[in-house]
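**Q** Once you've had a glance at the structure underneath, I'll fire off some questions.
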Amino acid sequence: MKRLFDVLCSGLALLILAPVFIPIMIALRLTGEGEVFYRQKRIGRDGEPFFITKFATMLKDSPNIGTGEHTLQNDPRVLPLGGFLRKSKINELPQIWDIFVGKMSFVGPRPTTPGHHAYYPAFYKDVMQGHVPGLTGVGSIVFRDEENILSKAHDHDHCYREEIVPYKAELEKWYKENRSFWMDIALMFITAWVVIRPESDILRRLYPSMPQRDIQSFGK
């Protein structure tokens, strides 16, 4: 049922969003470095690599500049239109195509870069076994303000490796153990809600059994 839902909804979404995508694509072509899409290698189901698709929001050589794979709030590598696209999460919408072709699902653990994937604990390999990465998910919702958390951290790499990654792994393990079709539907609506109301604590209130951490203390 999950795959059928993904195919039907992603196909419909691509048709509905076409009028939104076209002006964004034109604007990106005419600004910044002229790139429209950004494809990056990520780790997917069963640890297999694939390329994720996003709207281009940063300089092409960003991984080799400044903080590397870590993106911070007000990051100078972000292109003129990129800030809005990232804040509104519109930059993630081309992944609907990745869902349509089966590389991703609407809900699941966010696919990590190979470099970041190496930070995850050993049990995370079991989490990704047979588990398709998602456009959104529990970890994505909890860490929707990850750029700001890293920006305030005294040591960005330590904060990510020792605090953010272990908690994300716990959250995705909890999701895999408790997931259901209706939970996926709820998480999609919660994702839309927290984009509008970033301060909302609705996820924790609806699912009090999920692992709890004070992420505002991370990096202190």
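Residue numbers start at 1 in each chain; chains themselves are named A, B, ... in the order of the structure tokens; ligands are numbered from 1 in the order shown.
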Skip A:Gly83 itself and residues of its chain fewer than 6 positions away, then list as a list of chain:residue names all residues within 12 Å of it, counting only C-alpha atoms.
**A**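 Here the answer would be A:Gly32, A:Phe55, A:Ala56, A:Thr57, A:Met58, A:Thr71, A:Leu72, A:Gln73, A:Asn74, A:Asp75, A:Pro76, A:Arg77, A:Lys89, A:Ile90, A:Asn91, A:Glu147.
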**Q** Identify, on the basis of only C-alpha atoms, every residue whose closest approach to stretch 208-216 of chain A does not exceed 12 Å; exclude the query and any residue fewer than 6 positions from it along the same chain; express the result as a PyMOL selection string.
**A** chain A and resi 138-139+142-146+148-153+159-160+163-179+199+201-202
**Q** Those residues you just picked out, can you put them in a file as a compact mmCIF listing (two decimals), in the first residue's frame with N, CA and C atoms?
**A**
```txt
# COMPACT_ATOMS: atom_id res chain seq x y z
N VAL A 138 10.24 11.42 11.00
CA VAL A 138 10.34 11.86 12.40
C VAL A 138 11.61 12.68 12.60
N GLY A 139 12.74 12.17 12.13
CA GLY A 139 14.00 12.90 12.30
C GLY A 139 13.98 14.24 11.60
N VAL A 142 11.76 16.68 13.77
CA VAL A 142 12.41 17.08 15.01
C VAL A 142 13.57 18.04 14.73
N PHE A 143 14.34 17.75 13.67
CA PHE A 143 15.50 18.58 13.36
C PHE A 143 15.23 19.52 12.19
N ARG A 144 14.03 20.06 12.11
CA ARG A 144 13.69 21.01 11.06
C ARG A 144 14.51 22.30 11.19
N ASP A 145 15.05 22.56 12.39
CA ASP A 145 15.85 23.76 12.61
C ASP A 145 17.33 23.39 12.81
N GLU A 146 17.75 22.32 12.14
CA GLU A 146 19.13 21.83 12.34
C GLU A 146 20.19 22.87 11.99
N ASN A 148 20.10 26.04 12.37
CA ASN A 148 20.22 26.99 13.48
C ASN A 148 20.93 26.36 14.67
N ILE A 149 20.63 25.08 14.94
CA ILE A 149 21.29 24.38 16.05
C ILE A 149 22.80 24.33 15.81
N LEU A 150 23.19 23.97 14.59
CA LEU A 150 24.61 23.88 14.27
C LEU A 150 25.28 25.26 14.30
N SER A 151 24.53 26.29 13.90
CA SER A 151 25.09 27.65 13.87
C SER A 151 25.47 28.11 15.27
N LYS A 152 24.70 27.69 16.27
CA LYS A 152 24.93 28.12 17.65
C LYS A 152 25.92 27.23 18.39
N ALA A 153 26.29 26.10 17.79
CA ALA A 153 27.18 25.15 18.46
C ALA A 153 28.62 25.68 18.51
N CYS A 159 28.96 18.60 17.63
CA CYS A 159 27.51 18.66 17.84
C CYS A 159 26.79 17.70 16.92
N TYR A 160 27.20 17.69 15.66
CA TYR A 160 26.53 16.82 14.69
C TYR A 160 26.79 15.35 14.99
N GLU A 163 25.78 14.46 19.11
CA GLU A 163 24.45 14.79 19.65
C GLU A 163 23.34 14.58 18.62
N ILE A 164 23.47 15.21 17.44
CA ILE A 164 22.40 15.13 16.45
C ILE A 164 22.28 13.73 15.86
N VAL A 165 23.38 13.16 15.39
CA VAL A 165 23.33 11.84 14.74
C VAL A 165 22.80 10.75 15.66
N PRO A 166 23.29 10.60 16.90
CA PRO A 166 22.74 9.54 17.77
C PRO A 166 21.25 9.68 18.01
N TYR A 167 20.78 10.93 18.17
CA TYR A 167 19.35 11.13 18.42
C TYR A 167 18.54 10.83 17.16
N LYS A 168 19.03 11.25 15.99
CA LYS A 168 18.33 10.93 14.74
C LYS A 168 18.22 9.42 14.57
N ALA A 169 19.30 8.71 14.87
CA ALA A 169 19.29 7.25 14.72
C ALA A 169 18.25 6.62 15.64
N GLU A 170 18.14 7.11 16.87
CA GLU A 170 17.13 6.61 17.80
C GLU A 170 15.72 6.88 17.28
N LEU A 171 15.51 8.08 16.76
CA LEU A 171 14.19 8.45 16.25
C LEU A 171 13.77 7.56 15.08
N GLU A 172 14.70 7.31 14.16
CA GLU A 172 14.37 6.49 13.00
C GLU A 172 14.18 5.02 13.38
N LYS A 173 14.90 4.57 14.39
CA LYS A 173 14.69 3.21 14.90
C LYS A 173 13.30 3.10 15.50
N TRP A 174 12.89 4.11 16.27
CA TRP A 174 11.54 4.13 16.86
C TRP A 174 10.49 4.14 15.77
N TYR A 175 10.71 4.96 14.71
CA TYR A 175 9.74 5.03 13.62
C TYR A 175 9.58 3.67 12.95
N LYS A 176 10.69 3.01 12.67
CA LYS A 176 10.61 1.72 11.97
C LYS A 176 9.87 0.69 12.82
N GLU A 177 10.03 0.76 14.12
CA GLU A 177 9.38 -0.20 15.02
C GLU A 177 7.90 0.10 15.22
N ASN A 178 7.49 1.34 14.94
CA ASN A 178 6.11 1.75 15.22
C ASN A 178 5.34 2.23 13.99
N ARG A 179 5.96 2.22 12.84
CA ARG A 179 5.36 2.82 11.66
C ARG A 179 4.07 2.11 11.24
N GLU A 199 7.47 26.58 15.65
CA GLU A 199 7.59 26.41 17.10
C GLU A 199 6.66 25.32 17.64
N ASP A 201 4.89 21.98 18.88
CA ASP A 201 5.37 20.77 19.54
C ASP A 201 4.39 19.61 19.30
N ILE A 202 3.66 19.69 18.19
CA ILE A 202 2.59 18.73 17.93
C ILE A 202 3.11 17.30 17.80
```
**Q** Just the residues within 10 Å of A:Ser105, please, counting only C-alpha atoms, with nothing from its chain fewer than 5 positions along; format it as JSON, numbers by chain.
**A** {"A": [2, 3, 5, 6, 7, 10, 95, 96, 98, 99, 100, 110, 131, 132, 133, 134, 135, 136, 137]}
**Q** Could you jot down the atom CA of A:Thr191 to atom CA of A:Pro94 separation for me, Å, one decimal place?
**A** 16.4 Å
**Q** Would you return as a tab-separated table (two decimals) with N, CA and C atoms, in the first residue's frame the members of stretch 54-99 of chain A that DSSP assigns to helix (DSSP H, G or I) on this structure's backbone?
**A**
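Result went into states32.tsv, see below:
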```tsv
chain	number	residue	atom	x	y	z
A	62	SER	N	30.18	24.05	-2.86
A	62	SER	CA	29.93	24.21	-1.43
A	62	SER	C	30.57	23.15	-0.54
A	63	PRO	N	30.55	21.84	-0.92
A	63	PRO	CA	31.15	20.83	-0.04
A	63	PRO	C	32.64	21.05	0.22
A	64	ASN	N	33.28	21.85	-0.64
A	64	ASN	CA	34.72	22.10	-0.48
A	64	ASN	C	35.02	23.50	0.05
A	82	GLY	N	18.18	30.96	-2.95
A	82	GLY	CA	18.31	29.75	-2.15
A	82	GLY	C	17.79	29.87	-0.74
A	83	GLY	N	17.98	31.03	-0.11
A	83	GLY	CA	17.54	31.21	1.26
A	83	GLY	C	16.04	30.99	1.41
A	84	PHE	N	15.27	31.59	0.49
A	84	PHE	CA	13.82	31.42	0.54
A	84	PHE	C	13.43	29.97	0.26
A	85	LEU	N	14.05	29.37	-0.74
A	85	LEU	CA	13.71	27.99	-1.09
A	85	LEU	C	14.02	27.03	0.05
A	86	ARG	N	15.12	27.26	0.76
A	86	ARG	CA	15.50	26.38	1.87
A	86	ARG	C	14.57	26.59	3.07
A	87	LYS	N	14.29	27.83	3.40
A	87	LYS	CA	13.44	28.12	4.57
A	87	LYS	C	12.03	27.58	4.37
A	90	ILE	N	10.85	24.45	-0.17
A	90	ILE	CA	10.51	24.24	-1.58
A	90	ILE	C	11.68	23.58	-2.31
A	91	ASN	N	12.90	23.81	-1.84
A	91	ASN	CA	14.07	23.21	-2.50
A	91	ASN	C	14.04	21.68	-2.49
A	92	GLU	N	13.25	21.10	-1.56
A	92	GLU	CA	13.16	19.65	-1.44
A	92	GLU	C	12.14	19.03	-2.41
A	95	GLN	N	12.35	16.16	-5.12
A	95	GLN	CA	12.45	14.78	-4.67
A	95	GLN	C	11.15	14.01	-4.88
A	96	ILE	N	10.08	14.73	-5.19
A	96	ILE	CA	8.83	14.04	-5.53
A	96	ILE	C	9.05	13.16	-6.74
A	97	TRP	N	9.93	13.60	-7.66
A	97	TRP	CA	10.27	12.76	-8.81
A	97	TRP	C	11.01	11.50	-8.33
A	98	ASP	N	11.92	11.66	-7.36
A	98	ASP	CA	12.64	10.51	-6.80
A	98	ASP	C	11.67	9.52	-6.17
A	99	ILE	N	10.59	10.04	-5.59
A	99	ILE	CA	9.55	9.18	-5.01
A	99	ILE	C	8.82	8.44	-6.12
```
**Q** Would you please give, as a list in words, all residues of stretch 54-153 of chain A that DSSP assigns to strand (DSSP E) based on the backbone?
**A**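 After running DSSP on the backbone, stretch 54-153 of chain A has strand (DSSP E) at Lys54, Phe55, Ser105, Phe106, Val107, Gly134, Leu135 and Thr136 of chain A.
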**Q** Counting only C-alpha atoms, which residues in stretch 100-195 of chain A sit no more than 10 Å from stretch 42-46 of chain A? For each one, give the nearest pair of atoms and the distance in Å, sorted by chain then residue number, as a Markdown table.
**A**
```
| residue | atom | partner | partner_atom | distance |
| --- | --- | --- | --- | --- |
| A:Lys103 | CA | A:Gly44 | CA | 7.7 |
| A:Met104 | CA | A:Gly44 | CA | 7.9 |
| A:Pro109 | CA | A:Gly44 | CA | 9.1 |
| A:Arg110 | CA | A:Gly44 | CA | 8.7 |
| A:Pro111 | CA | A:Ile43 | CA | 5.5 |
| A:Thr112 | CA | A:Arg42 | CA | 5.2 |
| A:Thr113 | CA | A:Arg42 | CA | 4.4 |
| A:Pro114 | CA | A:Arg42 | CA | 6.1 |
| A:Gly115 | CA | A:Arg42 | CA | 9.2 |
| A:His116 | CA | A:Arg42 | CA | 9.4 |
| A:His117 | CA | A:Ile43 | CA | 7.1 |
| A:Lys125 | CA | A:Asp46 | CA | 7.4 |
| A:Asp126 | CA | A:Asp46 | CA | 8.3 |
| A:Val127 | CA | A:Asp46 | CA | 8.8 |
| A:Met128 | CA | A:Asp46 | CA | 5.4 |
| A:Gln129 | CA | A:Asp46 | CA | 4.5 |
| A:Gly130 | CA | A:Asp46 | CA | 5.7 |
| A:His131 | CA | A:Arg45 | CA | 5.3 |
| A:Val132 | CA | A:Arg45 | CA | 4.9 |
| A:Pro133 | CA | A:Gly44 | CA | 5.8 |
| A:Gly134 | CA | A:Gly44 | CA | 9.3 |
```
**Q** For the residues in the current selection, export C-alpha atoms as a PDB file, in the first residue's frame.
**A**
```
ATOM      1  CA  LYS A 103      14.240   5.821  -5.053  1.00  0.00           C
ATOM      2  CA  MET A 104      12.450   7.420  -2.115  1.00  0.00           C
ATOM      3  CA  PRO A 109      14.536   8.397   7.353  1.00  0.00           C
ATOM      4  CA  ARG A 110      16.270  11.205   5.504  1.00  0.00           C
ATOM      5  CA  PRO A 111      18.992   9.831   3.212  1.00  0.00           C
ATOM      6  CA  THR A 112      22.450  10.886   4.390  1.00  0.00           C
ATOM      7  CA  THR A 113      25.596  11.683   2.455  1.00  0.00           C
ATOM      8  CA  PRO A 114      28.240   8.922   2.528  1.00  0.00           C
ATOM      9  CA  GLY A 115      30.388  11.075   4.810  1.00  0.00           C
ATOM     10  CA  HIS A 116      27.618  11.682   7.324  1.00  0.00           C
ATOM     11  CA  HIS A 117      26.349   8.106   7.070  1.00  0.00           C
ATOM     12  CA  LYS A 125      22.399  -0.498   9.323  1.00  0.00           C
ATOM     13  CA  ASP A 126      19.440  -2.597  10.529  1.00  0.00           C
ATOM     14  CA  VAL A 127      17.209   0.487  10.472  1.00  0.00           C
ATOM     15  CA  MET A 128      17.938   1.025   6.767  1.00  0.00           C
ATOM     16  CA  GLN A 129      17.548  -2.664   5.896  1.00  0.00           C
ATOM     17  CA  GLY A 130      14.540  -2.788   3.574  1.00  0.00           C
ATOM     18  CA  HIS A 131      13.703   0.785   4.570  1.00  0.00           C
ATOM     19  CA  VAL A 132      13.273   3.368   1.789  1.00  0.00           C
ATOM     20  CA  PRO A 133      14.473   6.894   2.707  1.00  0.00           C
ATOM     21  CA  GLY A 134      11.880   9.628   2.825  1.00  0.00           C
TER      22      GLY A 134
END
```
